[in-house]
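Reviewing the structure listed below.
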Amino acid sequence: MKKLGIFIIILVLAAVVATFWHRTSRGELKISDSTIQVDIADTDALREQGLSGKEALCADCGMLFVFDSASEPGFWMKDMKFPIDIVWISAQKKIVGVENSVSPTSYPDVFYPKEPVLYVLELPAGFVLERHIDTGAEVNFSL
């Protein structure tokens, strides 16, 4: 019985550590006149989870994916419940492409940037068009 109690305590501690281990940090970024509050996905686990399972994003909120090196990462809409804009951002923090209003029904399609990126920003669908954000725009943030 004592061993079972110790085992349960270890399981609870592992669950608590896992919860905090996979928490995103938060930040703020600016594109033109728009300020966006972002959750930062900078680990494999956080990038894999992304916005999957969330109900929605607030109007000025997003998720910033940060990669270890510039690449052409693929994004899909698995387990997504709402459409998003996907913004591809170079290592120089310039927008190099956008996927507008990507629907959850597009799954299992995978979306890729046309050139290597270091960052990917997911925003509520229509954000890019409503805010007149164009390819070449500078994205300002510090991590």
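A note on labels: chains of the structure tokens are A, B, ... as shown, every chain counts residues from 1, and ligands are counted from 1 in their shown order.
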Using only C-alpha atoms, which residues sit within 12 Å of Gly126 in chain A once same-chain residues fewer than 4 positions away are excluded, as a list in words?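 Near neighbours after the sequence-gap exclusion: Ala59, Asp60, Phe82, Pro83, Ile84, Asp85, Ile86, Val87, Val98, Glu99, Asn100, Ser101, Val102, Ser103, Glu122, Glu130, Arg131, His132 and Ile133 of chain A.
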Taking only chain A into account, list the residues labelled strand (DSSP E or B) by DSSP (computed from the backbone), as a PyMOL selection string. chain A and resi 25-31+34-41+61-71+75+84-89+94-102+111+117-124+138-140
File of the preceding selection, C-alpha atoms, as an mmCIF file, in the first residue's frame:
data_model
loop_
_atom_site.group_PDB
_atom_site.id
_atom_site.type_symbol
_atom_site.label_atom_id
_atom_site.label_comp_id
_atom_site.auth_asym_id
_atom_site.auth_seq_id
_atom_site.Cartn_x
_atom_site.Cartn_y
_atom_site.Cartn_z
ATOM 1 C CA SER A 25 5.456 32.360 -22.537
ATOM 2 C CA ARG A 26 3.705 35.540 -23.636
ATOM 3 C CA GLY A 27 4.936 38.542 -25.517
ATOM 4 C CA GLU A 28 3.946 41.462 -27.660
ATOM 5 C CA LEU A 29 4.791 42.282 -31.248
ATOM 6 C CA LYS A 30 4.064 45.115 -33.636
ATOM 7 C CA ILE A 31 3.333 45.104 -37.335
ATOM 8 C CA SER A 34 -1.025 46.888 -34.939
ATOM 9 C CA THR A 35 0.040 45.610 -31.531
ATOM 10 C CA ILE A 36 -0.543 41.905 -31.027
ATOM 11 C CA GLN A 37 -0.414 39.913 -27.788
ATOM 12 C CA VAL A 38 1.167 36.542 -28.548
ATOM 13 C CA ASP A 39 1.724 33.204 -26.921
ATOM 14 C CA ILE A 40 5.207 32.049 -27.870
ATOM 15 C CA ALA A 41 5.690 28.469 -29.072
ATOM 16 C CA CYS A 61 -4.048 37.969 -30.141
ATOM 17 C CA GLY A 62 -1.952 35.389 -31.902
ATOM 18 C CA MET A 63 0.638 32.674 -31.543
ATOM 19 C CA LEU A 64 4.257 33.208 -32.545
ATOM 20 C CA PHE A 65 6.160 30.062 -33.494
ATOM 21 C CA VAL A 66 9.913 30.426 -33.037
ATOM 22 C CA PHE A 67 12.219 27.900 -34.711
ATOM 23 C CA ASP A 68 15.855 27.090 -33.929
ATOM 24 C CA SER A 69 16.971 27.843 -37.477
ATOM 25 C CA ALA A 70 15.454 29.137 -40.707
ATOM 26 C CA SER A 71 13.543 26.426 -42.570
ATOM 27 C CA PHE A 75 1.525 23.921 -40.946
ATOM 28 C CA ILE A 84 -6.620 31.662 -39.084
ATOM 29 C CA ASP A 85 -4.193 33.772 -41.084
ATOM 30 C CA ILE A 86 -0.688 32.277 -41.233
ATOM 31 C CA VAL A 87 2.099 34.854 -41.552
ATOM 32 C CA TRP A 88 5.563 33.668 -42.648
ATOM 33 C CA ILE A 89 8.372 35.799 -41.145
ATOM 34 C CA LYS A 94 10.116 40.739 -42.417
ATOM 35 C CA ILE A 95 6.889 39.211 -43.683
ATOM 36 C CA VAL A 96 7.703 37.008 -46.670
ATOM 37 C CA GLY A 97 4.256 35.485 -47.212
ATOM 38 C CA VAL A 98 0.731 35.050 -45.902
ATOM 39 C CA GLU A 99 -1.939 32.358 -46.041
ATOM 40 C CA ASN A 100 -5.263 34.168 -45.616
ATOM 41 C CA SER A 101 -8.256 32.687 -43.778
ATOM 42 C CA VAL A 102 -7.081 29.075 -43.647
ATOM 43 C CA PHE A 111 0.890 24.903 -45.907
ATOM 44 C CA VAL A 117 11.488 31.434 -42.240
ATOM 45 C CA LEU A 118 12.515 31.643 -38.610
ATOM 46 C CA TYR A 119 9.089 32.696 -37.296
ATOM 47 C CA VAL A 120 5.472 31.939 -38.076
ATOM 48 C CA LEU A 121 2.610 34.017 -36.711
ATOM 49 C CA GLU A 122 -0.950 32.686 -36.488
ATOM 50 C CA LEU A 123 -3.678 35.329 -36.247
ATOM 51 C CA PRO A 124 -7.477 35.409 -36.361
ATOM 52 C CA GLU A 138 8.634 44.685 -40.668
ATOM 53 C CA VAL A 139 7.664 42.775 -37.519
ATOM 54 C CA ASN A 140 9.001 44.245 -34.267
#
Could you work out how far CA of Asp33 in chain A lies from CA of Ser142 in chain A, giving the answer in Å with one decimal? 17.0 Å
Identify, on the basis of only C-alpha atoms, every residue whose closest approach to Gln49 in chain A does not exceed 12 Å; exclude the query and any residue fewer than 4 positions from it along the same chain; express the result as a PyMOL selection string. chain A and resi 22-24+39-45+53-54+63+65+75-80
Saved selection, atoms kept: C-alpha atoms, as an mmCIF file, in the first residue's frame:
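Below you can see out30.cif, which holds the result:
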data_model
loop_
_atom_site.group_PDB
_atom_site.id
_atom_site.type_symbol
_atom_site.label_atom_id
_atom_site.label_comp_id
_atom_site.auth_asym_id
_atom_site.auth_seq_id
_atom_site.Cartn_x
_atom_site.Cartn_y
_atom_site.Cartn_z
ATOM 1 C CA HIS A 22 4.523 22.986 -21.779
ATOM 2 C CA ARG A 23 3.252 26.445 -20.887
ATOM 3 C CA THR A 24 3.844 29.106 -23.453
ATOM 4 C CA ASP A 39 1.724 33.204 -26.921
ATOM 5 C CA ILE A 40 5.207 32.049 -27.870
ATOM 6 C CA ALA A 41 5.690 28.469 -29.072
ATOM 7 C CA ASP A 42 9.432 27.892 -28.943
ATOM 8 C CA THR A 43 9.764 24.192 -28.112
ATOM 9 C CA ASP A 44 8.890 21.128 -30.161
ATOM 10 C CA ALA A 45 5.992 20.294 -27.825
ATOM 11 C CA GLY A 53 -8.041 22.501 -29.409
ATOM 12 C CA LYS A 54 -8.481 26.213 -28.570
ATOM 13 C CA MET A 63 0.638 32.674 -31.543
ATOM 14 C CA PHE A 65 6.160 30.062 -33.494
ATOM 15 C CA PHE A 75 1.525 23.921 -40.946
ATOM 16 C CA TRP A 76 -1.813 22.151 -40.980
ATOM 17 C CA MET A 77 -5.207 22.655 -39.344
ATOM 18 C CA LYS A 78 -5.420 19.400 -37.372
ATOM 19 C CA ASP A 79 -7.817 19.745 -34.407
ATOM 20 C CA MET A 80 -8.409 23.443 -35.182
#
